[in-house]
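Structure data follow from structure.txt (compact mmCIF, C-alpha atoms):
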```txt
# COMPACT_ATOMS: atom_id res chain seq x y z
CA MET A 84 119.07 12.43 157.86
CA SER A 85 122.22 14.15 156.63
CA ILE A 86 121.21 13.42 153.02
CA MET A 87 117.88 15.09 153.65
CA ARG A 88 119.62 18.10 155.13
CA LEU A 89 121.94 18.28 152.13
CA GLN A 90 118.97 18.08 149.75
CA THR A 91 117.21 20.87 151.66
CA THR A 92 120.34 23.02 151.56
CA ILE A 93 120.76 22.47 147.81
CA ALA A 94 117.08 23.23 147.18
CA ALA A 95 117.30 26.41 149.27
CA PHE A 96 120.46 27.47 147.42
CA LEU A 97 118.87 26.85 144.00
CA LEU A 98 115.76 28.76 145.02
CA ALA A 99 117.82 31.69 146.31
CA THR A 100 119.96 31.89 143.15
CA SER A 101 116.95 31.67 140.85
CA ILE A 102 115.16 34.41 142.82
CA LEU A 103 118.29 36.56 142.55
CA ALA A 104 118.57 35.90 138.80
CA VAL A 105 114.92 36.70 138.16
CA GLY A 106 115.13 39.80 140.40
CA TYR A 107 118.11 41.08 138.45
CA LYS A 108 116.28 40.83 135.15
CA THR A 109 113.07 42.39 136.47
CA GLU A 110 114.73 45.40 138.07
CA THR A 111 114.10 48.66 136.27
CA LEU A 112 116.98 50.63 134.83
CA GLN A 113 116.67 53.25 137.57
CA GLU A 114 116.79 50.54 140.25
CA LEU A 115 119.90 49.05 138.68
CA ILE A 116 121.57 52.46 138.50
CA ALA A 117 120.72 53.14 142.14
CA ARG A 118 122.05 49.74 143.15
CA GLU A 119 125.27 50.27 141.18
CA GLU A 120 126.02 53.49 143.03
CA SER A 121 126.20 51.74 146.38
CA ALA A 122 127.44 48.34 145.17
CA ARG A 123 130.70 46.72 146.23
CA VAL A 124 133.43 47.03 143.63
CA GLU A 125 133.30 43.29 142.82
CA ASP A 126 129.56 43.53 142.07
CA ARG A 127 129.91 46.60 139.90
CA PRO A 128 131.19 45.04 136.64
CA ALA A 129 128.09 42.85 136.19
CA LEU A 130 125.72 45.66 137.15
CA CYS A 131 127.37 48.20 134.86
CA LEU A 132 127.42 45.74 131.96
CA GLU A 133 123.70 45.09 132.43
CA ILE A 134 122.98 48.84 132.46
CA ALA A 135 125.16 49.42 129.37
CA ASP A 136 123.47 46.54 127.56
CA ARG A 137 119.98 47.83 128.35
CA GLN A 138 120.91 51.34 127.21
CA LEU A 139 122.32 49.91 124.00
CA LYS A 140 119.01 48.17 123.25
CA SER A 141 117.27 51.39 124.12
CA ALA A 142 119.52 53.36 121.75
CA ASP A 143 118.72 50.93 118.95
CA GLU A 144 114.97 51.35 119.51
CA LEU A 145 115.24 55.13 119.76
CA TYR A 146 117.22 55.38 116.51
CA THR A 147 114.63 53.17 114.82
CA ALA A 148 111.91 55.50 116.12
CA GLY A 149 113.80 58.50 114.74
CA LYS A 150 114.47 59.99 118.20
CA ILE A 151 118.07 60.85 117.44
CA ASP A 152 118.83 63.07 120.46
CA ASP A 153 117.46 60.54 122.93
CA ALA A 154 119.31 57.77 121.13
CA GLN A 155 122.60 59.68 121.35
CA ALA A 156 122.02 60.21 125.08
CA ALA A 157 121.52 56.46 125.46
CA VAL A 158 124.77 55.82 123.55
CA LYS A 159 126.54 58.14 125.99
CA ASP A 160 125.18 56.05 128.86
CA VAL A 161 126.49 52.93 127.14
CA LEU A 162 129.94 54.49 127.18
CA THR A 163 129.71 55.76 130.74
CA TYR A 164 128.70 52.37 132.14
CA SER A 165 131.14 50.47 129.92
CA GLU A 166 133.94 52.58 131.35
CA LYS A 167 132.68 51.97 134.88
CA ALA A 168 132.50 48.22 134.18
CA HIS A 169 136.04 48.31 132.80
CA ASP A 170 137.41 50.19 135.83
CA ALA A 171 135.61 48.01 138.37
CA ALA A 172 136.66 44.80 136.59
CA ILE A 173 140.30 45.86 136.67
CA GLU A 174 140.10 47.09 140.28
CA SER A 175 138.38 43.97 141.60
CA GLY A 176 139.80 41.42 139.17
CA LYS A 177 136.21 40.08 138.78
CA LYS A 178 134.33 39.49 135.53
CA VAL A 179 137.26 40.65 133.41
CA LYS A 180 136.62 37.96 130.79
CA ASN A 181 132.85 38.59 130.88
CA ALA A 182 133.45 42.30 130.37
CA GLU A 183 135.79 41.62 127.45
CA ILE A 184 133.17 39.43 125.74
CA ALA A 185 130.39 41.94 126.49
CA PHE A 186 132.46 44.78 125.00
CA ARG A 187 133.05 42.77 121.83
CA LYS A 188 129.31 42.18 121.46
CA MET A 189 128.43 45.79 122.19
CA ALA A 190 130.94 47.04 119.63
CA ALA A 191 129.40 44.68 117.05
CA LYS A 192 125.91 45.98 117.86
CA LEU A 193 127.05 49.60 117.63
CA ARG A 194 128.63 49.01 114.20
CA ASP A 195 125.39 47.41 113.06
CA ILE A 196 123.33 50.34 114.37
CA LYS A 197 125.73 52.84 112.75
CA ARG A 198 125.24 51.34 109.31
CA SER A 199 121.48 51.79 109.54
CA LEU A 200 121.83 55.56 110.15
CA ASN A 201 122.17 58.60 107.94
CA PHE A 202 125.77 59.61 107.35
CA ASP A 203 125.45 62.66 109.66
CA ASP A 204 124.30 60.55 112.60
CA GLN A 205 126.94 57.86 112.23
CA GLU A 206 129.88 59.66 113.85
CA PRO A 207 128.97 59.39 117.59
CA VAL A 208 128.03 55.74 117.18
CA GLN A 209 131.28 54.90 115.41
CA ALA A 210 133.18 56.82 118.10
CA ALA A 211 131.41 54.82 120.80
CA ALA A 212 132.25 51.53 119.04
CA ASP A 213 135.90 52.61 118.81
CA ARG A 214 136.03 53.59 122.48
CA ILE A 215 134.51 50.27 123.56
CA GLU A 216 137.03 48.41 121.36
CA ASN A 217 139.78 50.33 123.17
CA LEU A 218 138.35 49.40 126.57
CA ARG A 219 138.23 45.79 125.44
CA THR A 220 141.83 45.79 124.32
CA ASP A 221 142.86 47.43 127.56
CA LEU A 222 141.23 44.53 129.41
CA LEU A 223 143.08 42.04 127.20
CA THR A 224 146.34 43.81 127.92
CA HIS A 225 145.51 43.67 131.63
CA MET A 226 144.78 39.92 131.37
CA PHE A 227 148.09 39.33 129.60
CA GLY A 228 149.99 41.57 131.98
CA LYS A 229 148.83 39.64 135.04
CA GLY A 230 151.59 37.88 136.87
CA LYS A 231 154.29 40.25 135.70
CA MET B 59 159.79 33.79 139.14
CA ILE B 60 159.42 35.08 135.63
CA SER B 61 162.62 35.50 133.69
CA ALA B 62 163.65 38.76 132.04
CA TRP B 63 162.85 37.16 128.66
CA GLY B 64 159.39 36.24 129.93
CA LYS B 65 158.76 39.83 131.03
CA LEU B 66 160.05 41.12 127.71
CA GLY B 67 157.75 38.70 125.89
CA ARG B 68 154.72 39.91 127.85
CA LEU B 69 155.66 43.52 127.22
CA ALA B 70 156.04 42.84 123.49
CA LEU B 71 152.64 41.14 123.45
CA ALA B 72 151.02 44.07 125.26
CA ILE B 73 152.63 46.54 122.84
CA SER B 74 151.51 44.42 119.89
CA LEU B 75 147.92 44.39 121.23
CA LEU B 76 147.91 48.14 121.76
CA SER B 77 149.44 48.89 118.37
CA SER B 78 146.84 46.72 116.70
CA VAL B 79 144.12 48.78 118.43
CA TRP B 80 145.60 52.02 117.19
CA ALA B 81 145.81 50.53 113.72
CA GLN B 82 142.21 49.36 113.98
CA SER B 83 140.84 52.65 115.25
CA ARG B 84 137.75 53.74 113.34
CA ARG B 85 137.70 50.51 111.43
CA ASP B 86 134.65 48.77 110.04
CA PRO B 87 135.17 45.08 109.26
CA LEU B 88 132.79 45.32 106.29
CA ASN B 89 133.56 47.17 103.08
CA PRO B 90 131.04 49.71 101.65
CA GLU B 91 129.70 47.22 99.12
CA GLU B 92 128.99 44.65 101.83
CA GLN B 93 127.37 47.34 103.96
CA ASP B 94 125.06 48.22 101.07
CA GLN B 95 124.12 44.57 100.60
CA LEU B 96 123.20 44.32 104.29
CA ARG B 97 121.16 47.51 104.12
CA ASP B 98 119.20 46.10 101.17
CA ALA B 99 118.47 42.95 103.16
CA ALA B 100 117.58 44.77 106.40
CA GLN B 101 114.05 43.36 106.55
CA GLU B 102 114.89 39.86 105.32
CA PRO B 103 116.33 37.72 108.12
CA GLY B 104 117.16 34.82 105.79
CA GLU B 105 118.95 36.98 103.25
CA ARG B 106 120.77 39.05 105.84
CA LEU B 107 122.06 36.04 107.77
CA LYS B 108 123.13 34.38 104.53
CA LEU B 109 125.17 37.48 103.72
CA TYR B 110 126.88 37.30 107.12
CA ILE B 111 127.81 33.66 106.50
CA LEU B 112 129.27 34.68 103.16
CA PHE B 113 131.25 37.58 104.67
CA ALA B 114 132.60 35.40 107.48
CA ARG B 115 133.61 32.72 104.97
CA THR B 116 135.35 35.35 102.83
CA ARG B 117 137.45 36.39 105.87
CA LEU B 118 138.55 32.82 106.49
CA THR B 119 139.39 32.34 102.83
CA ALA B 120 141.51 35.52 102.93
CA LEU B 121 143.24 34.15 105.99
CA GLU B 122 144.02 30.87 104.24
CA GLN B 123 145.41 32.79 101.28
CA VAL B 124 147.75 34.75 103.51
CA ARG B 125 148.92 31.54 105.16
CA ALA B 126 149.51 29.87 101.80
CA ASP B 127 151.30 32.80 100.17
CA PRO B 128 155.06 32.27 100.40
CA LYS B 129 155.65 35.94 99.54
CA ALA B 130 153.40 37.29 102.29
CA THR B 131 155.18 39.80 104.52
CA ASP B 132 154.56 39.82 108.26
CA ARG B 133 152.37 36.76 108.01
CA ALA B 134 151.70 36.63 111.75
CA GLN B 135 150.26 40.16 111.83
CA GLN B 136 148.21 39.54 108.70
CA THR B 137 146.88 36.29 110.16
CA ARG B 138 145.94 38.20 113.30
CA ASP B 139 144.13 40.91 111.33
CA ARG B 140 142.14 38.39 109.26
CA LEU B 141 141.19 36.48 112.41
CA GLN B 142 139.98 39.69 114.05
CA ASP B 143 137.95 40.49 110.93
CA PHE B 144 136.38 37.04 111.06
CA LEU B 145 135.53 37.42 114.77
CA ASP B 146 133.99 40.86 114.21
CA VAL B 147 131.77 39.54 111.43
CA TYR B 148 130.85 36.42 113.42
CA ASP B 149 129.89 38.60 116.42
CA GLU B 150 127.67 40.67 114.15
CA LEU B 151 126.07 37.51 112.78
CA ASN B 152 125.17 36.49 116.35
CA ASP B 153 123.96 39.97 117.19
CA ASN B 154 121.64 39.84 114.18
CA ILE B 155 120.32 36.43 115.21
CA ASP B 156 119.47 37.87 118.65
CA THR B 157 117.68 40.82 117.04
CA PHE B 158 115.61 38.58 114.78
CA VAL B 159 114.76 36.28 117.70
CA GLU B 160 113.47 39.30 119.62
CA ARG B 161 111.32 40.11 116.59
CA LYS B 162 110.00 36.52 116.68
CA ALA B 163 111.27 35.74 113.18
CA ASP B 164 111.22 32.15 111.93
CA LEU B 165 114.92 31.35 111.59
CA ARG B 166 114.73 27.59 111.06
CA LYS B 167 116.01 27.68 107.50
CA PRO B 168 118.84 30.19 107.98
CA LEU B 169 119.87 28.46 111.21
CA LYS B 170 120.46 25.21 109.33
CA ALA B 171 122.77 27.05 106.95
CA ILE B 172 124.50 28.76 109.88
CA ILE B 173 125.09 25.48 111.71
CA GLU B 174 126.57 24.01 108.53
CA ALA B 175 128.82 27.04 108.20
CA ASP B 176 129.78 26.80 111.90
CA THR B 177 131.04 23.26 111.31
CA GLU B 178 133.05 24.44 108.33
CA PHE B 179 134.50 27.36 110.31
CA GLN B 180 135.42 25.08 113.21
CA ALA B 181 137.29 22.72 110.88
CA LYS B 182 139.22 25.58 109.26
CA LEU B 183 140.08 27.20 112.57
CA ARG B 184 141.23 23.92 114.09
CA ALA B 185 143.43 23.33 111.05
CA LEU B 186 144.91 26.78 111.58
CA LYS B 187 145.44 26.00 115.26
CA SER B 188 147.33 22.81 114.38
CA SER B 189 149.55 24.56 111.87
CA ALA B 190 150.01 27.53 114.21
CA ASP B 191 151.19 25.26 117.03
CA ALA B 192 154.11 24.30 114.85
CA SER B 193 154.88 27.86 113.85
CA LYS B 194 157.26 30.19 115.64
CA ASP B 195 155.16 33.32 115.16
CA GLU B 196 152.09 31.75 116.73
CA ALA B 197 152.40 33.85 119.93
CA LYS B 198 151.21 36.92 118.04
CA TYR B 199 147.72 35.51 117.51
CA ASP B 200 147.48 32.45 119.75
CA PHE B 201 145.20 34.12 122.31
CA LEU B 202 142.96 35.56 119.61
CA LEU B 203 142.74 32.21 117.83
CA SER B 204 141.70 30.48 121.08
CA ASN B 205 139.17 33.23 121.60
CA VAL B 206 137.75 32.77 118.09
CA LEU B 207 137.56 28.99 118.49
CA GLU B 208 135.80 29.38 121.85
CA THR B 209 133.33 31.81 120.27
CA VAL B 210 132.53 29.53 117.34
CA ASP B 211 132.23 26.48 119.63
CA GLY B 212 129.81 28.44 121.82
CA GLY B 213 128.03 29.68 118.70
CA VAL B 214 127.39 26.16 117.38
CA GLN B 215 125.79 25.14 120.67
CA ASP B 216 123.62 28.29 120.82
CA HIS B 217 122.54 27.92 117.19
CA ARG B 218 121.61 24.25 117.64
CA GLN B 219 119.71 25.05 120.82
CA LEU B 220 117.84 27.88 119.10
CA LEU B 221 116.99 25.68 116.11
CA SER B 222 115.56 22.98 118.33
CA GLU B 223 113.54 25.59 120.26
CA GLN B 224 112.16 27.03 117.04
CA GLU B 225 111.33 23.59 115.65
CA GLU B 226 109.54 22.73 118.87
CA ALA B 227 107.61 26.01 118.76
CA ALA B 228 106.65 25.39 115.12
CA LYS B 229 105.30 21.92 116.03
CA HIS B 230 103.06 23.44 118.70
CA LYS B 231 101.86 26.09 116.28
CA LYS B 232 100.77 23.45 113.78
CA LYS B 233 98.68 21.58 116.41
```

Can I see the file as structure tokens?
Amino acid sequence: MSIMRLQTTIAAFLLATSILAVGYKTETLQELIAREESARVEDRPALCLEIADRQLKSADELYTAGKIDDAQAAVKDVLTYSEKAHDAAIESGKKVKNAEIAFRKMAAKLRDIKRSLNFDDQEPVQAAADRIENLRTDLLTHMFGKGK
Amino acid sequence: MISAWGKLGRLALAISLLSSVWAQSRRDPLNPEEQDQLRDAAQEPGERLKLYILFARTRLTALEQVRADPKATDRAQQTRDRLQDFLDVYDELNDNIDTFVERKADLRKPLKAIIEADTEFQAKLRALKSSADASKDEAKYDFLLSNVLETVDGGVQDHRQLLSEQEEAAKHKKK
């Protein structure tokens, strides 16, 4: 009987987590942004990283389509939400490592995007990559400084 | 309780991390010639990924040269810089793989070369880790080295997984 109850509990848990995971991926950007605004501080790093990542993909597509102004606006969003993720990760102590890895990957993507652009359009993208590298190093410093 | 020396050590490490960021500001891990090569291969997944393997290998070779050079000054900092260069290039390699996967490119051939290179990188990095453990200046790059090893270990698994998925998909296509 107790084994059956345990199995039911595990099945319910797995179902709930998979629904949550799928829901997260299917939410629109606007829904994610709305959720982030009212989220608890410990939930904010993951939400902000997801928003930043989506805006980075968007920026890449917009640059490819030649929509430079829209692409630059998307890059600004990447920065805004990266900074929010950084602040929330430090404040809550949650997802610090995840944020550090995500920042590394985003900086790599930005460098790659930058190289595909005309010289005149490269500056804001390089600046964003630099800023994200700084946020990343700040997280590393925070991780090292823990326990002082 | 952490001793005063421990606190000083942490502070020195934090300062070293920050100073390396300032030094790295506005830095591209690839030189202009390499950037041109990548631009020329923008539409060729196989060629582009091969270039990334080559650039990553070059960074590790440079690192080995620094380690082997008895005249090298500030070897720990130079080791750290080369490791960071390698990690930046390796991250870009993975970012490019993701992009080509999204474009539904057939990566079976390049992935085999990447997995081979991964194994080579792992061996070189582990050798560095062993020699670093015995070295007194290891603290300056120990965290970064662990990070790089973790990334390459994760990379090998992801690349193998992706290869098997693509091989499976190719089998179904043939049917």

inquiry  = Applying 6 Å and all atoms listed in the file, which residues near range 189-203 of chain A remain after dropping the ones on its own chain fewer than 3 positions away? List them as a PyMOL selection string.
reply    = (chain A and resi 186+208+212) or (chain B and resi 150)

Those same residues, written as a PDB file, in the coordinates of the input with C-alpha atoms?
```pdb
ATOM      1  CA  PHE A 186     132.460  44.780 125.000  1.00  0.00           C
ATOM      2  CA  VAL A 208     128.030  55.740 117.180  1.00  0.00           C
ATOM      3  CA  ALA A 212     132.250  51.530 119.040  1.00  0.00           C
TER       4      ALA A 212
ATOM      5  CA  GLU B 150     127.670  40.670 114.150  1.00  0.00           C
TER       6      GLU B 150
END
```

query = How far is it from CA of Arg138 in chain B to CA of Lys198 in chain B, in Å with one decimal?
reply =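 One can read the CA of Arg138 in chain B to CA of Lys198 in chain B distance as 7.2 Å.
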
Point-to-point distance in Å for CA of Ala100 in chain B and CA of Arg161 in chain B =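 These two atoms are separated by 12.8 Å.
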
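Look at range 142-144 of chain B: the protein and nucleic acid residues within 10 Å of it, using only C-alpha atoms and passing over chain neighbours fewer than 2 places away, are Gln82, Asp86, Pro87, Leu88, Phe113, Ala114, Arg115, Thr116, Arg117, Leu118, Thr119, Ala120, Leu121, Gln136, Thr137, Arg138, Asp139, Arg140, Asp146, Val147, Tyr148, Asp149, Glu150, Phe179, Tyr199, Leu202, Leu203, Asn205 and Val206 of chain B.
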
ask   = Which residue gives the smallest distance to chain A among B:Ala227, B:Ile155, B:Ala130, B:Leu183, with all atoms listed in the file counted?
value = B:Ile155

ask   = Distance CA of Arg106 in chain B-CA of Gln219 in chain B, one decimal place?
value = 20.5 Å
